[in-house]
>>> print(open('model07.csv').read())   # CSV, C-alpha atoms
chain,number,residue,atom,x,y,z
I,1285,MET,CA,3.1,-15.8,10.7
I,1286,LEU,CA,6.0,-15.5,8.3
I,1287,GLY,CA,6.8,-19.2,7.8
I,1288,LEU,CA,5.8,-20.4,4.4
I,1289,PRO,CA,6.5,-23.5,2.3
I,1290,PRO,CA,9.6,-23.7,0.1
I,1291,VAL,CA,9.5,-23.9,-3.6
I,1292,VAL,CA,10.8,-27.0,-5.3
I,1293,ALA,CA,10.2,-26.3,-9.0
I,1294,PRO,CA,11.9,-23.3,-10.7
I,1295,PRO,CA,9.9,-21.5,-13.4
I,1296,ALA,CA,10.7,-21.7,-17.1
I,1297,GLU,CA,13.8,-20.0,-18.7
I,1298,ILE,CA,13.5,-16.3,-19.5
I,1299,ASP,CA,15.7,-13.9,-21.4
I,1300,ASP,CA,18.9,-12.9,-19.7
I,1301,GLY,CA,18.5,-9.1,-20.0
I,1302,PRO,CA,17.5,-6.7,-17.3
I,1303,ILE,CA,13.8,-6.0,-16.8
I,1304,PRO,CA,12.8,-3.5,-19.5
I,1305,GLU,CA,12.9,0.1,-18.4
I,1306,ALA,CA,9.6,0.8,-20.2
I,1307,VAL,CA,7.7,-1.6,-17.8
I,1308,GLY,CA,7.4,0.8,-14.9
I,1309,ALA,CA,5.8,4.0,-13.8
I,1310,ASP,CA,5.7,5.5,-17.3
I,1311,ALA,CA,4.3,2.4,-18.9
I,1312,VAL,CA,1.5,1.9,-16.5
I,1313,GLY,CA,0.9,5.6,-16.5
I,1314,SER,CA,0.2,5.4,-20.2
I,1315,VAL,CA,-2.2,2.5,-19.7
I,1316,LEU,CA,-3.9,4.4,-16.9
I,1317,MET,CA,-4.3,7.4,-19.1
I,1318,ASP,CA,-6.0,5.3,-21.8
I,1319,VAL,CA,-8.3,3.6,-19.2
I,1320,LEU,CA,-9.2,6.9,-17.5
I,1321,ASP,CA,-9.9,8.5,-20.9
I,1322,VAL,CA,-12.5,5.8,-21.7
I,1323,ARG,CA,-14.0,5.9,-18.1
I,1324,LEU,CA,-14.3,9.7,-18.1
I,1325,ARG,CA,-15.9,9.8,-21.5
I,1326,HIS,CA,-18.5,7.3,-20.3
I,1327,SER,CA,-19.0,9.3,-17.0
I,1328,ARG,CA,-19.7,12.5,-19.0
I,1329,ALA,CA,-22.2,10.6,-21.0
I,1330,VAL,CA,-23.9,9.3,-17.9
I,1331,ASP,CA,-24.0,12.8,-16.1
I,1332,PRO,CA,-21.9,15.9,-16.6
I,1333,ALA,CA,-22.1,17.0,-13.0
I,1334,PHE,CA,-21.1,13.6,-11.7
I,1335,ALA,CA,-18.2,13.5,-14.1
I,1336,ARG,CA,-17.0,17.0,-13.3
I,1337,GLU,CA,-17.3,16.8,-9.5
I,1338,LEU,CA,-16.3,13.1,-8.8
I,1339,ALA,CA,-14.9,11.3,-11.8
I,1340,ASP,CA,-12.5,14.1,-12.8
I,1341,ARG,CA,-11.3,14.4,-9.2
I,1342,LEU,CA,-10.7,10.7,-9.1
I,1343,ALA,CA,-8.7,10.8,-12.3
I,1344,ALA,CA,-6.6,13.6,-11.0
I,1345,LEU,CA,-5.8,11.7,-7.8
I,1346,VAL,CA,-4.8,8.6,-9.9
I,1347,GLU,CA,-2.6,10.7,-12.2
I,1348,ARG,CA,-0.8,12.2,-9.2
I,1349,GLY,CA,0.4,8.6,-8.3
I,1350,GLY,CA,4.0,8.0,-7.3
I,1351,LYS,CA,6.4,5.2,-8.0
I,1352,ARG,CA,3.7,2.7,-9.0
I,1353,LEU,CA,5.4,0.0,-6.9
I,1354,ARG,CA,2.5,-2.4,-7.0
I,1355,THR,CA,2.7,-2.5,-10.8
I,1356,ALA,CA,6.5,-3.0,-10.6
I,1357,PHE,CA,6.0,-5.9,-8.2
I,1358,THR,CA,3.3,-7.4,-10.4
I,1359,HIS,CA,5.7,-7.3,-13.3
I,1360,CYS,CA,8.5,-8.8,-11.2
I,1361,GLY,CA,6.3,-11.7,-10.2
I,1362,TRP,CA,5.4,-12.3,-13.8
I,1363,ARG,CA,9.0,-12.4,-14.8
I,1364,ALA,CA,9.9,-14.6,-11.8
I,1365,ALA,CA,7.4,-17.1,-12.9
I,1366,GLY,CA,8.8,-17.2,-16.5
I,1367,GLY,CA,6.7,-14.5,-18.1
I,1368,SER,CA,8.2,-12.7,-21.1
I,1369,GLY,CA,7.2,-10.9,-24.3
I,1370,ASP,CA,4.0,-8.9,-24.4
I,1371,ALA,CA,3.4,-7.3,-21.0
I,1372,THR,CA,0.0,-5.7,-21.8
I,1373,ALA,CA,-1.9,-7.9,-19.3
I,1374,VAL,CA,0.6,-7.1,-16.6
I,1375,LEU,CA,0.3,-3.4,-17.2
I,1376,ARG,CA,-3.5,-3.6,-17.2
I,1377,THR,CA,-3.4,-5.5,-13.9
I,1378,GLY,CA,-1.1,-2.9,-12.5
I,1379,ALA,CA,-3.5,-0.1,-13.7
I,1380,ALA,CA,-6.3,-1.9,-11.8
I,1381,LEU,CA,-4.1,-2.0,-8.7
I,1382,GLU,CA,-3.5,1.8,-9.0
I,1383,LEU,CA,-7.3,2.3,-9.2
I,1384,LEU,CA,-7.8,0.1,-6.2
I,1385,GLN,CA,-5.1,2.1,-4.4
I,1386,ALA,CA,-7.1,5.2,-5.1
I,1387,CYS,CA,-10.1,3.7,-3.5
I,1388,ALA,CA,-8.1,2.7,-0.4
I,1389,LEU,CA,-6.5,6.2,-0.1
I,1390,VAL,CA,-9.8,8.1,-0.4
I,1391,HIS,CA,-11.5,5.9,2.2
I,1392,ASP,CA,-8.5,5.8,4.5
I,1393,ASP,CA,-8.1,9.5,4.5
I,1394,LEU,CA,-11.7,9.9,5.3
I,1395,MET,CA,-11.6,7.4,8.2
I,1396,ASP,CA,-8.4,8.9,9.6
I,1397,GLY,CA,-9.4,12.5,9.1
I,1398,SER,CA,-6.3,13.2,7.1
I,1399,LEU,CA,-6.3,16.6,5.3
I,1400,GLN,CA,-3.7,16.0,2.6
I,1401,ARG,CA,-2.8,13.3,0.1
I,1402,ARG,CA,-0.2,13.3,-2.6
I,1403,GLY,CA,0.6,17.0,-2.1
I,1404,ALA,CA,-3.0,18.1,-2.4
I,1405,PRO,CA,-6.1,18.3,-0.2
I,1406,ALA,CA,-7.6,15.0,0.6
I,1407,MET,CA,-10.7,14.1,-1.4
I,1408,HIS,CA,-13.2,14.8,1.3
I,1409,VAL,CA,-11.5,18.1,2.0
I,1410,GLN,CA,-11.7,19.1,-1.7
I,1411,LEU,CA,-15.4,18.2,-1.8
I,1412,ALA,CA,-16.3,20.0,1.4
I,1413,ARG,CA,-14.5,23.1,0.0
I,1414,ARG,CA,-16.6,22.7,-3.2
I,1415,HIS,CA,-19.8,22.7,-1.1
I,1416,TRP,CA,-18.7,25.8,0.9
I,1417,ALA,CA,-17.5,27.8,-2.2
I,1418,ALA,CA,-20.8,27.1,-4.0
I,1419,GLY,CA,-22.8,28.3,-1.1
I,1420,MET,CA,-24.7,25.1,-0.9
I,1421,HIS,CA,-27.2,24.2,1.9
I,1422,GLY,CA,-26.4,21.8,4.8
I,1423,SER,CA,-23.1,20.7,6.3
I,1424,ALA,CA,-20.1,21.1,4.0
I,1425,GLU,CA,-18.3,18.4,6.1
I,1426,SER,CA,-21.1,15.9,5.7
I,1427,PHE,CA,-21.3,16.6,2.0
I,1428,GLY,CA,-17.6,16.1,1.6
I,1429,THR,CA,-17.7,12.8,3.6
I,1430,SER,CA,-20.6,11.4,1.6
I,1431,ALA,CA,-19.2,12.4,-1.8
I,1432,ALA,CA,-15.7,11.0,-1.0
I,1433,VAL,CA,-17.3,7.7,-0.1
I,1434,LEU,CA,-18.8,7.7,-3.6
I,1435,VAL,CA,-15.4,8.6,-5.2
I,1436,GLY,CA,-13.8,5.6,-3.4
I,1437,ASP,CA,-16.6,3.4,-4.6
I,1438,LEU,CA,-16.2,4.6,-8.2
I,1439,ALA,CA,-12.4,3.8,-8.0
I,1440,LEU,CA,-13.2,0.3,-6.8
I,1441,ALA,CA,-15.8,-0.2,-9.6
I,1442,TRP,CA,-13.3,0.9,-12.2
I,1443,ALA,CA,-10.6,-1.3,-10.8
I,1444,ASP,CA,-12.9,-4.3,-10.8
I,1445,ASP,CA,-14.0,-3.6,-14.3
I,1446,LEU,CA,-10.4,-3.4,-15.6
I,1447,LEU,CA,-9.3,-6.5,-13.8
I,1448,THR,CA,-12.2,-8.5,-15.0
I,1449,GLU,CA,-11.7,-7.4,-18.6
I,1450,THR,CA,-8.0,-8.4,-18.3
I,1451,ALA,CA,-8.8,-11.8,-16.7
I,1452,LEU,CA,-11.2,-12.6,-19.5
I,1453,GLY,CA,-8.5,-12.0,-22.0
I,1454,THR,CA,-5.9,-14.3,-20.6
I,1455,PRO,CA,-5.8,-18.1,-20.3
I,1456,HIS,CA,-4.9,-17.8,-16.6
I,1457,GLY,CA,-7.8,-15.5,-15.8
I,1458,ARG,CA,-9.4,-17.7,-13.1
I,1459,ARG,CA,-6.2,-17.8,-11.0
I,1460,LEU,CA,-5.7,-14.1,-11.5
I,1461,HIS,CA,-9.2,-13.3,-10.3
I,1462,GLU,CA,-8.8,-15.6,-7.3
I,1463,GLU,CA,-5.8,-13.6,-6.2
I,1464,TRP,CA,-7.6,-10.3,-6.8
I,1465,ARG,CA,-10.7,-11.5,-4.9
I,1466,ALA,CA,-8.6,-12.6,-1.9
I,1467,MET,CA,-6.7,-9.3,-1.8
I,1468,ARG,CA,-9.8,-7.2,-1.8
I,1469,THR,CA,-11.2,-9.0,1.3
I,1470,GLU,CA,-7.9,-8.9,3.1
I,1471,MET,CA,-7.8,-5.1,2.5
I,1472,VAL,CA,-11.2,-4.6,4.1
I,1473,ALA,CA,-10.4,-6.9,7.0
I,1474,GLY,CA,-7.2,-5.0,7.6
I,1475,GLN,CA,-9.0,-1.6,7.4
I,1476,TYR,CA,-11.6,-2.8,9.9
I,1477,ARG,CA,-9.0,-4.1,12.3
I,1478,ASP,CA,-7.2,-0.8,12.1
I,1479,LEU,CA,-10.5,1.1,12.8
I,1480,HIS,CA,-11.4,-1.3,15.6
I,1481,ALA,CA,-7.9,-1.0,17.2
I,1482,GLN,CA,-8.2,2.8,17.3
I,1483,ALA,CA,-11.7,2.7,18.9
I,1484,ALA,CA,-10.6,0.1,21.4
I,1485,ARG,CA,-7.4,2.0,22.2
I,1486,SER,CA,-5.4,-1.2,21.6
I,1487,SER,CA,-1.6,-1.3,22.1
I,1488,GLY,CA,-0.7,-5.0,21.4
I,1489,VAL,CA,2.3,-5.8,19.3
I,1490,ASP,CA,0.7,-8.9,17.8
I,1491,GLU,CA,-2.4,-6.9,16.8
I,1492,ALA,CA,-0.3,-4.2,15.2
I,1493,LEU,CA,1.5,-6.8,13.1
I,1494,ALA,CA,-1.8,-8.4,12.1
I,1495,ILE,CA,-3.2,-5.1,10.9
I,1496,ALA,CA,0.0,-4.2,9.1
I,1497,THR,CA,0.0,-7.6,7.3
I,1498,LEU,CA,-3.7,-7.6,6.3
I,1499,LYS,CA,-4.0,-3.9,5.5
I,1500,SER,CA,-0.7,-3.4,3.7
I,1501,ALA,CA,1.9,-6.2,3.4
I,1502,LEU,CA,-0.3,-8.6,1.4
I,1503,TYR,CA,-1.9,-5.9,-0.7
I,1504,THR,CA,1.3,-3.9,-1.4
I,1505,VAL,CA,3.7,-6.7,-2.3
I,1506,ALA,CA,2.5,-10.3,-1.8
I,1507,ARG,CA,-0.6,-10.2,-3.9
I,1508,PRO,CA,0.9,-8.0,-6.7
I,1509,LEU,CA,3.7,-10.6,-7.0
I,1510,ALA,CA,1.1,-13.4,-7.1
I,1511,LEU,CA,-1.1,-11.5,-9.6
I,1512,GLY,CA,1.9,-11.2,-11.9
I,1513,ALA,CA,2.9,-14.8,-11.4
I,1514,SER,CA,-0.6,-15.9,-12.1
I,1515,LEU,CA,-0.5,-14.2,-15.5
I,1516,ALA,CA,2.5,-16.4,-16.3
I,1517,GLY,CA,0.8,-19.6,-15.3
I,1518,ALA,CA,2.8,-20.2,-12.1
I,1519,ASP,CA,2.3,-23.4,-10.1
I,1520,ASP,CA,1.4,-23.5,-6.4
I,1521,HIS,CA,5.0,-23.8,-5.3
I,1522,VAL,CA,6.1,-20.7,-7.1
I,1523,LEU,CA,3.1,-18.7,-6.0
I,1524,GLY,CA,3.7,-19.8,-2.4
I,1525,THR,CA,7.3,-18.7,-2.4
I,1526,LEU,CA,6.5,-15.3,-4.0
I,1527,ARG,CA,3.7,-14.7,-1.5
I,1528,ALA,CA,6.2,-15.5,1.3
I,1529,ALA,CA,8.7,-13.0,-0.2
I,1530,GLY,CA,6.0,-10.4,-0.6
I,1531,ARG,CA,4.6,-10.8,2.9
I,1532,CYS,CA,8.0,-10.1,4.4
I,1533,ALA,CA,8.8,-7.2,2.0
I,1534,GLY,CA,5.3,-5.8,2.4
I,1535,LEU,CA,5.5,-5.8,6.2
I,1536,ALA,CA,8.9,-4.1,6.0
I,1537,PHE,CA,7.3,-1.5,3.7
I,1538,GLN,CA,4.5,-0.9,6.2
I,1539,LEU,CA,7.0,-0.5,9.1
I,1540,HIS,CA,9.0,1.9,7.0
I,1541,ASP,CA,5.8,3.8,6.2
I,1542,ASP,CA,5.0,3.9,10.0
I,1543,LEU,CA,8.4,5.6,10.6
I,1544,LEU,CA,7.6,8.1,7.8
I,1545,GLY,CA,4.3,8.7,9.4
I,1546,ALA,CA,6.0,9.6,12.7
I,1547,PHE,CA,9.2,11.2,11.6
I,1548,GLY,CA,8.9,11.9,7.8
I,1549,ASP,CA,9.2,15.2,5.9
I,1550,PRO,CA,5.8,16.2,4.6
I,1551,ALA,CA,7.5,17.8,1.6
I,1552,LEU,CA,8.8,14.4,0.6
I,1553,THR,CA,5.9,12.2,1.7
I,1554,GLY,CA,3.0,14.4,0.4
I,1555,LYS,CA,1.1,14.1,3.7
I,1556,PRO,CA,1.5,15.4,7.3
I,1557,ALA,CA,4.1,13.7,9.4
I,1558,ASP,CA,2.0,13.6,12.6
I,1559,ASP,CA,-1.5,12.3,11.5
I,1560,ASP,CA,-0.7,8.8,12.9
I,1561,LEU,CA,0.5,10.3,16.2
I,1562,ARG,CA,-2.4,12.6,16.6
I,1563,SER,CA,-4.9,9.9,16.0
I,1564,ARG,CA,-2.9,7.4,18.0
I,1565,LYS,CA,-3.1,4.9,15.2
I,1566,LEU,CA,-2.0,1.4,16.3
I,1567,THR,CA,1.3,0.8,14.5
I,1568,TYR,CA,4.0,-1.7,15.3
I,1569,LEU,CA,6.2,1.3,16.2
I,1570,LEU,CA,3.7,2.6,18.8
I,1571,ALA,CA,3.0,-0.9,20.2
I,1572,LEU,CA,6.6,-1.7,20.5
I,1573,ALA,CA,7.3,1.6,22.3
I,1574,VAL,CA,4.5,1.0,24.8
I,1575,GLN,CA,5.9,-2.5,25.5
I,1576,LEU,CA,9.4,-1.2,26.0
I,1577,ALA,CA,8.3,1.7,28.2
I,1578,GLU,CA,6.4,-0.6,30.4
I,1579,ALA,CA,9.3,-3.1,30.6
I,1580,ALA,CA,11.7,-0.3,31.6
I,1581,ASP,CA,9.3,1.4,34.0
I,1582,ASP,CA,9.7,4.5,32.0
I,1583,HIS,CA,6.6,6.3,33.4
I,1584,GLN,CA,7.2,9.5,31.4
I,1585,ALA,CA,7.3,7.6,28.0
I,1586,ALA,CA,4.4,5.4,29.1
I,1587,ALA,CA,2.3,8.4,29.9
I,1588,ALA,CA,3.0,10.0,26.5
I,1589,LEU,CA,2.1,6.8,24.7
I,1590,ALA,CA,-0.9,5.7,26.9
I,1591,PRO,CA,-4.2,4.9,25.1
I,1592,ASP,CA,-6.0,7.6,27.0
I,1593,SER,CA,-3.4,10.3,26.2
I,1594,ASP,CA,-4.5,13.2,24.0
I,1595,PRO,CA,-1.6,13.9,21.5
I,1596,ARG,CA,-3.5,16.4,19.4
I,1597,SER,CA,-1.4,19.4,20.4
I,1598,GLU,CA,2.0,20.0,18.9
I,1599,TYR,CA,3.6,19.9,22.4
I,1600,ALA,CA,2.1,16.4,22.9
I,1601,VAL,CA,3.2,15.2,19.5
I,1602,ARG,CA,6.8,16.2,20.3
I,1603,HIS,CA,6.5,14.1,23.6
I,1604,VAL,CA,5.3,11.1,21.6
I,1605,ARG,CA,8.1,11.4,19.2
I,1606,ALA,CA,10.6,11.7,22.0
I,1607,ALA,CA,9.2,8.6,23.7
I,1608,LEU,CA,9.5,6.6,20.4
I,1609,ARG,CA,13.1,7.5,20.3
I,1610,ARG,CA,14.0,7.2,24.0
I,1611,THR,CA,12.4,3.7,24.4
I,1612,GLY,CA,14.5,2.5,21.5
I,1613,ALA,CA,11.4,1.6,19.5
I,1614,ARG,CA,12.5,3.6,16.4
I,1615,ASP,CA,15.9,1.8,16.3
I,1616,LEU,CA,14.3,-1.6,16.8
I,1617,VAL,CA,11.8,-1.0,14.0
I,1618,GLU,CA,14.6,-0.1,11.7
I,1619,LYS,CA,16.4,-3.3,12.6
I,1620,LYS,CA,13.1,-5.3,12.0
I,1621,ILE,CA,12.9,-3.7,8.6
I,1622,GLU,CA,16.3,-5.0,7.7
I,1623,GLU,CA,15.5,-8.5,9.0
I,1624,LEU,CA,12.3,-8.7,7.0
I,1625,THR,CA,14.0,-7.4,3.9
I,1626,ALA,CA,16.6,-10.1,4.1
I,1627,MET,CA,14.0,-12.7,4.7
I,1628,SER,CA,12.1,-11.5,1.6
I,1629,ARG,CA,15.2,-11.8,-0.6
I,1630,ASP,CA,15.8,-15.3,0.7
I,1631,HIS,CA,12.3,-16.4,-0.1
I,1632,PHE,CA,12.4,-14.8,-3.5
I,1633,GLY,CA,15.7,-16.6,-4.3
I,1634,ARG,CA,13.9,-19.9,-3.8
I,1635,ALA,CA,11.6,-19.2,-6.6
I,1636,GLY,CA,14.3,-20.0,-9.1
I,1637,ALA,CA,14.1,-16.6,-10.8
I,1638,HIS,CA,16.8,-15.5,-13.1
I,1639,PRO,CA,19.5,-13.3,-11.5
I,1640,ALA,CA,18.3,-10.2,-13.5
I,1641,VAL,CA,14.8,-10.6,-11.9
I,1642,ARG,CA,16.3,-11.1,-8.5
I,1643,GLN,CA,18.3,-7.9,-8.9
I,1644,GLU,CA,15.1,-6.1,-9.9
I,1645,PHE,CA,13.2,-7.5,-6.8
I,1646,ASP,CA,16.1,-6.4,-4.6
I,1647,ALA,CA,16.0,-2.9,-6.0
I,1648,LEU,CA,12.2,-2.7,-5.6
I,1649,VAL,CA,12.3,-3.8,-2.0
I,1650,ARG,CA,15.1,-1.3,-1.2
I,1651,SER,CA,13.0,1.4,-2.8
I,1652,ALA,CA,9.9,0.4,-0.9
I,1653,THR,CA,11.5,-0.1,2.5
I,1654,GLY,CA,14.5,2.2,2.6
I,1655,ALA,CA,16.7,-0.9,3.4
I,1656,ARG,CA,20.4,-0.9,2.6
I,1657,PRO,CA,21.4,-2.7,-0.6
I,1658,ARG,CA,22.7,-6.3,-0.6
I,1659,ARG,CA,24.5,-8.0,-3.5
I,1660,VAL,CA,22.3,-10.6,-5.1
I,1661,GLN,CA,24.3,-13.8,-5.5
I,1662,GLU,CA,24.3,-15.7,-8.8
I,1663,LYS,CA,22.8,-19.1,-8.9
I,1664,ALA,CA,25.3,-22.0,-8.5
>>> encode(input="model07.csv", output="structure tokens")
Amino acid sequence: MLGLPPVVAPPAEIDDGPIPEAVGADAVGSVLMDVLDVRLRHSRAVDPAFARELADRLAALVERGGKRLRTAFTHCGWRAAGGSGDATAVLRTGAALELLQACALVHDDLMDGSLQRRGAPAMHVQLARRHWAAGMHGSAESFGTSAAVLVGDLALAWADDLLTETALGTPHGRRLHEEWRAMRTEMVAGQYRDLHAQAARSSGVDEALAIATLKSALYTVARPLALGASLAGADDHVLGTLRAAGRCAGLAFQLHDDLLGAFGDPALTGKPADDDLRSRKLTYLLALAVQLAEAADDHQAAAALAPDSDPRSEYAVRHVRAALRRTGARDLVEKKIEELTAMSRDHFGRAGAHPAVRQEFDALVRSATGARPRRVQEKA
């Protein structure tokens, strides 16, 4: 799954300085504010109630965004492929990714029944409460569900509009759009595989890795790197190596996110630490623990992790966490994260990027995966 072709041609020379501080969360946040301002004004012209109840809530969710890692990886890919100078197209592509992420979060929370997102009630919860507070007729839950679907659709429409506008304004727009189109389909495929695995009560390690790759690894790192490189006119060799680096780093990111979903502090993550456990979401962490429990004839752990178990009570959740630790799954996942992180750095190094860009990639991967730092070697 992780083996990809080497790169034989380095990109063009770039400036020697570190990646500009301005090209990050603050910079894409500024672009997003401008984009949202235009979209909200248009929404109010279309219909005030729609703008107030849906568009404004979507804008608020986007504005509560975190580190903007996808934008940072997009910029890193652009620089790795020789991009320099005006980064407007990179930032607009990053802003489109942030809007697409909003779509994914709204729909994901809805499908998972999550109650909280980014330190606030999830979108379907907000809208259900709006229904209840206004004394409206019918089911508040059904209203919240339906309206949240529309919010996610709106985020996707805004994301596509922005990416299309950006692609039309760059000489490399066709390649940019090809990467974007592939990413959207991969996201939906991964989300369906996740939904299917929960319904089928799957526990397979290979299936868990396939879901993590489709749903998160490609979308979080591999495609953003390729989107940025596309804006710089990268050839197939460079794109292939950056995708390989991103696939490894993105999978490490998802495995780290799985650990946070099981053991994280809600005050830091902005969402409950037990949603994945209560819903028995198929993660690599869970699948590995099931495999280890069966191999060790650990019947107590196997019972806690079994597909037909009911981990909704706090007592049951504690037993699942204990099983994840006792089987050694947690430690092995942490080791896997380190291995994938090292592989991603090695792939990225073959792209021929300047040491300053390699340092930036290393820092981004560490931030995304919680991996320990490693000194980036200078090119010979």
>>> closest_residue(input="model07.csv", among="I:Val1601, I:Ala1388, I:Val1435, I:Leu1543", to="Arg1564 in chain I", atoms="all atoms listed in the file")
I:Val1601
>>> residues_around(input="model07.csv", residues="range 1393-1410 of chain I", least_positions_apart="2", cutoff="6 Å", atoms="all atoms listed in the file", output="list of chain:residue names")
I:Leu1389, I:Val1390, I:His1391, I:Ala1412, I:Arg1413, I:Gly1428, I:Thr1429, I:Ala1432, I:Gly1554, I:Lys1555
>>> residues_around(input="model07.csv", residues="range 1587-1589 of chain I", least_positions_apart="4", cutoff="10 Å", atoms="all atoms listed in the file", output="PyMOL selection string")
chain I and resi 1487+1561+1564+1570-1571+1573-1574+1577-1578+1582-1583+1593-1595+1600-1608
>>> atom_distance(input="model07.csv", atom1="CA of Gly1530 in chain I", atom2="CA of Ala1371 in chain I")
20.8 Å
>>> atom_distance(input="model07.csv", atom1="CA of Ser1368 in chain I", atom2="CA of Ala1516 in chain I")
8.3 Å
>>> residues_around(input="model07.csv", residues="Asp1321 in chain I", least_positions_apart="6", cutoff="10 Å", atoms="all atoms listed in the file", output="number ranges by chain")
I: 1315, 1327, 1343
>>> write_last_selection(input="model07.csv", atoms="C-alpha atoms", output="mmCIF file, in the frame of the given file")
data_model
loop_
_atom_site.group_PDB
_atom_site.id
_atom_site.type_symbol
_atom_site.label_atom_id
_atom_site.label_comp_id
_atom_site.auth_asym_id
_atom_site.auth_seq_id
_atom_site.Cartn_x
_atom_site.Cartn_y
_atom_site.Cartn_z
ATOM 1 C CA VAL I 1315 -2.200 2.500 -19.700
ATOM 2 C CA SER I 1327 -19.000 9.300 -17.000
ATOM 3 C CA ALA I 1343 -8.700 10.800 -12.300
#
>>> residues_around(input="model07.csv", residues="Gln1482 in chain I", least_positions_apart="3", cutoff="6 Å", atoms="all atoms listed in the file", output="list of chain:residue names")
I:Leu1479, I:Arg1485, I:Lys1565
>>> atom_distance(input="model07.csv", atom1="CA of Thr1454 in chain I", atom2="CA of Gly1369 in chain I")
14.0 Å
>>> residues_around(input="model07.csv", residues="Arg1527 in chain I", least_positions_apart="5", cutoff="8 Å", atoms="all atoms listed in the file", output="ChimeraX atom specification")
/I:1502,1506-1507,1509-1510
>>> write_last_selection(input="model07.csv", atoms="C-alpha atoms", output="short mmCIF file (atom, residue, chain, number, x, y, z; two decimals), in the coordinates of the input")
data_model
loop_
_atom_site.label_atom_id
_atom_site.label_comp_id
_atom_site.auth_asym_id
_atom_site.auth_seq_id
_atom_site.Cartn_x
_atom_site.Cartn_y
_atom_site.Cartn_z
CA LEU I 1502 -0.30 -8.60 1.40
CA ALA I 1506 2.50 -10.30 -1.80
CA ARG I 1507 -0.60 -10.20 -3.90
CA LEU I 1509 3.70 -10.60 -7.00
CA ALA I 1510 1.10 -13.40 -7.10
#
>>> closest_residue(input="model07.csv", among="I:Glu1622, I:Asp1541, I:Glu1463, I:Asp1310", to="Leu1375 in chain I", atoms="only C-alpha atoms")
I:Asp1310
>>> axis_aligned_box(input="model07.csv", around="range 1599-1605 of chain I", padding_each_side="6 Å", output="JSON")
{"center_x": 5.1, "center_y": 15.5, "center_z": 21.4, "size_x": 18.0, "size_y": 20.8, "size_z": 16.4}
>>> closest_atom_pairs(input="model07.csv", of="range 1377-1469 of chain I", to="range 1346-1363 of chain I", cutoff="10 Å", atoms="all atoms listed in the file", output="CSV")
residue,atom,partner,partner_atom,distance
I:Thr1377,CA,I:Thr1355,CA,7.5
I:Gly1378,CA,I:Thr1355,CA,4.2
I:Ala1379,CA,I:Thr1355,CA,7.3
I:Ala1380,CA,I:Thr1355,CA,9.1
I:Leu1381,CA,I:Arg1354,CA,6.8
I:Glu1382,CA,I:Val1346,CA,7.0
I:Leu1383,CA,I:Val1346,CA,6.8
I:Leu1384,CA,I:Val1346,CA,9.7
I:Gln1385,CA,I:Val1346,CA,8.5
I:Ala1386,CA,I:Val1346,CA,6.3
I:Cys1387,CA,I:Val1346,CA,9.6
I:Arg1401,CA,I:Arg1348,CA,9.6
I:Arg1402,CA,I:Arg1348,CA,6.7
I:Gly1403,CA,I:Arg1348,CA,8.7
I:Ala1404,CA,I:Arg1348,CA,9.3
I:Ala1439,CA,I:Val1346,CA,9.2
>>> closest_residue(input="model07.csv", among="I:Thr1450, I:Ser1563, I:Thr1611, I:Thr1625", to="Gln1575 in chain I", atoms="only C-alpha atoms")
I:Thr1611
>>> residues_near_point(input="model07.csv", point="(-14.0, 3.3, -11.4)", cutoff="9 Å", atoms="all atoms listed in the file", output="ChimeraX atom specification")
/I:1320,1323,1339,1342,1383-1384,1387,1435-1446
